[in-house]
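Remarks on the structure that follows.
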Amino acid sequence: MNDAGKRHSRTITDGPSRAPARAMLKASGFTDSDLSRPIIGIANTWIEIGPCTYHLRDLAEYVKEGVREAGGTPMEFNTVSISDGITMGSQGMKASLVSREVIADSIELVTIGNMFDGLIALSGCDKTIPGTVMALGRTNVPSLMLYGGSIMPGSFQQHDVTIQDVFEAVGAHASGSMSDIELKDMEDHACPGAGACGGQFTANTMAIAFEMLGISPIGSASVPAIHPDKPKVARECGRQVMELARRNICPRDIMTRNAFENAIAAVLTTGGSTNSVLHLLAVAQESGVDLQIEDFDRISEKTPLLADLKPGGQFVANDLFAAGGNRLVAKRMLEGGMLHEDEITVSGRTISEEAADALETPGQIVVRELEEPLKPTGGYVILKGNLAPEGCVLKVAGHEKTHHRGPARVFDSEENAMEEVMNGGIQPNDVVVIRYEGPKGGPGMREMLAVTGALVGRGLGESVALMTDGRFSGATHGFMVGHVAPEAAVRGPIAALRDGDTVVFDVESRRLDVEISDEAIAERLAEWSERPSVFGDGVMTKYARLVSSAARGAVTRA
């Protein structure tokens with residue numbers, strides 16, 4: 001009975017020749033009975049730095065209880081995590097996207113080394129979520145991902161706030177419209193405890209994407225981090241992975257091309273983060289699925305925006321949970337023909353069967369009816385043009401603007417741009433260009449929430465456009481274009497821009513262009529020279545040598 005699902009770990013635990021391995025494992029407290037069962041790796045991204053993953057050490061205990069109850073033996077191990085919210089606006093933010101690859105690599109190594117029969121990955125913040133699922137796609141042993149859940153909203157002057165409001169408060173404070181006392185009050189109360197950022201920012205975006213992809217149990221992600229039901233969810237995940245191991249259902253059986261389209265549609269209908277483009281492309285590559293950046297725009301054209309969530313909308317993740325959670329979103333998608341209905345999930349049921357069980361709270365207004373969408377098409381679009389031949393991403397949720405034409409204000413780092421914003425040097429109609437912040441050029445493709453938040457806080461969110469070969473936080477809103485590819489560090493056209501060049505954003509034609517000729521761009525690029533690395537021979541330089549274009553997910557390849 002205990003042998004069911006023990007397909008891989010026998011190599012480590014069985015037979016006279018494995019006595020040394022068993023001796024080592026017994027020193028860690030495992031018994032002969034433990035080692036006779038399927039071995040389930042518990043990949044934990046716990047750190048005590050920041051709220052997003054702070055509670056995962058406790059949550060892992062409930063997962064392990066579920067594994068044991070179902071006849072398996074859990075073995076927990078840890079990996080790294082970098083908090084975007086803490087490092088944002090600093091050189092430390094360069095480590096964030098790099099950590100996604102390190103997370104995936106480390107989980108893959110421990111899984112291969114220990115020949116686990118199954119795997120549960122616990123994630124919390126922006127890069128731990130895709131990093132863990134990239135590892136599941138690579139190792140392809142029976143597994144699932146459990147998201148630790150969202151933080152509760154904070155309270156400031158009797159209304160709900162999130163970390164987004166704190167970043168925007170910095171700009172308001174710089175402009176003189178918020179006092180020192182008010183900024184400190186906001187800082188002290190915006191983040192009340194454990195959990196990931198509370199809007200439909202990158203963490204919650206990727207969490208719902210992976211539910212619709214089928215690799216996380218439907219409804220598990222929308223339960224907040226500190227909700228009393230979270231331990232129950234964790235135990236059920238432990239039991240569920242044992243069923244996957246017994247039936248030998250693996251991630252690549254679940255994460256199919258159609259399942260990725262379901263995930264993309266979920267992001268678009270909830271107004272999710274543009275980072276989902278980067279992360280879903282990466283997970284698809286690790287899972288052997290052919291997904292292209294153009295697929296996101298194609299799906300956006302037929303996906304209405306239904307969820308009224310921050311940063312572009314009114315509500316936070318806890319409000320969505322109270323309305324019916326991610327399962328309610330799945331139900332709307334099913335009713336609207338947005339789902340490939342027959343894709344299986346880690347529960348063994350199809351996505352349509354899971355969606356049919358949604359319970360909608362009467363009178364909720366977080367998720368719109370199909371007949372009353374916030375917008376008829378999805379939350380972001382893909383632009384191309386002479387500035388972005390490989391593509392870039394523009395979030396359209398939360399504003400109606402479809403066109404911008406203005407003079408470029410060119411900065412070769414985020415810090416230089418931020419200084420100009422804070423000093424009041426950016427004017428209405430400007431196009432703020434931040435380059436050499438891409439995957440190779442950063443390296444690490446920093447998010448620009450500090451800059452975009454400051455622009456909004458100074459009252460320029462509606463009148464200024466911004467473009468970068470770096471990324472935006474899921475909390476960013478406004479006319480902001482990220483992931484411009486090819487990036488400046490590989491002599492992409494963005495490297496040719498000069499102050500005063502007229503840049504045109506045209507959403508309807510899906511174009512991002514500068515009003516100079518192709519010949520002029522080529523002449524300028526002919527004068528371009530590579531910028532030397534300032535990171536020596538460490539991890540950042542290694543990453544810069546191996547990382548691919550943002551248009552292909554910024555994955556590392558030898």
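Each chain of the structure tokens is named A, B, ... in the order shown, its residues numbered from 1; ligands are numbered from 1 in display order.
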
Identify, on the basis of only C-alpha atoms, every residue whose closest approach to Arg37 in chain A does not exceed 7 Å; exclude the query and any residue fewer than 4 positions from it along the same chain; express the result as a ChimeraX atom specification.
/A:2-3,6,33,71-73

Using only C-alpha atoms, what table do you get, as JSON lines, when you list each residue of range 19-135 of chain A with an atom no more than 6 Å from range 232-244 of chain A, its nearest pair of atoms, and their distance in Å rounded to one decimal, rows by chain then rising number?
```
{"residue": "A:Tyr62", "atom": "CA", "partner": "A:Arg235", "partner_atom": "CA", "distance": 5.1}
{"residue": "A:Val63", "atom": "CA", "partner": "A:Arg235", "partner_atom": "CA", "distance": 4.7}
{"residue": "A:Gly66", "atom": "CA", "partner": "A:Gly238", "partner_atom": "CA", "distance": 4.1}
{"residue": "A:Val67", "atom": "CA", "partner": "A:Gly238", "partner_atom": "CA", "distance": 4.3}
{"residue": "A:Ala70", "atom": "CA", "partner": "A:Arg239", "partner_atom": "CA", "distance": 5.2}
```

Go ahead and write the residues just picked, N, CA, C and O atoms, as a PDB file, in the first residue's frame.
```pdb
ATOM      1  N   TYR A  62       1.378  22.316   7.876  1.00  0.00           N
ATOM      2  CA  TYR A  62       0.058  21.788   7.511  1.00  0.00           C
ATOM      3  C   TYR A  62       0.129  20.985   6.212  1.00  0.00           C
ATOM      4  O   TYR A  62      -0.555  19.967   6.059  1.00  0.00           O
ATOM      5  N   VAL A  63       0.950  21.429   5.281  1.00  0.00           N
ATOM      6  CA  VAL A  63       1.154  20.658   4.052  1.00  0.00           C
ATOM      7  C   VAL A  63       1.709  19.285   4.394  1.00  0.00           C
ATOM      8  O   VAL A  63       1.234  18.254   3.878  1.00  0.00           O
ATOM      9  N   GLY A  66      -0.826  16.888   5.708  1.00  0.00           N
ATOM     10  CA  GLY A  66      -1.640  16.301   4.643  1.00  0.00           C
ATOM     11  C   GLY A  66      -0.930  15.177   3.911  1.00  0.00           C
ATOM     12  O   GLY A  66      -1.535  14.146   3.581  1.00  0.00           O
ATOM     13  N   VAL A  67       0.364  15.354   3.655  1.00  0.00           N
ATOM     14  CA  VAL A  67       1.159  14.303   2.990  1.00  0.00           C
ATOM     15  C   VAL A  67       1.184  13.046   3.843  1.00  0.00           C
ATOM     16  O   VAL A  67       0.959  11.923   3.358  1.00  0.00           O
ATOM     17  N   ALA A  70      -2.031  11.090   3.962  1.00  0.00           N
ATOM     18  CA  ALA A  70      -2.308  10.375   2.714  1.00  0.00           C
ATOM     19  C   ALA A  70      -1.298   9.263   2.430  1.00  0.00           C
ATOM     20  O   ALA A  70      -1.338   8.649   1.363  1.00  0.00           O
TER      21      ALA A  70
END
```

Between CA of Ser509 in chain A and CA of Ser300 in chain A, what is the distance in Å, rounded to a tenth?
14.2 Å

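Taking CA of Pro376 in chain A as the reference point, CA of Ile208 in chain A is found at 20.4 Å.
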
Identify, on the basis of only C-alpha atoms, every residue whose closest approach to Ala356 in chain A does not exceed 10 Å; exclude the query and any residue fewer than 4 positions from it along the same chain; express the result as a ChimeraX atom specification.
/A:327-328,330-332,334-335,351-352

So which residues touch Met480 in chain A within 10 Å, counting only C-alpha atoms, skipping near sequence neighbours fewer than 5 positions away, as a count of residues only?
16
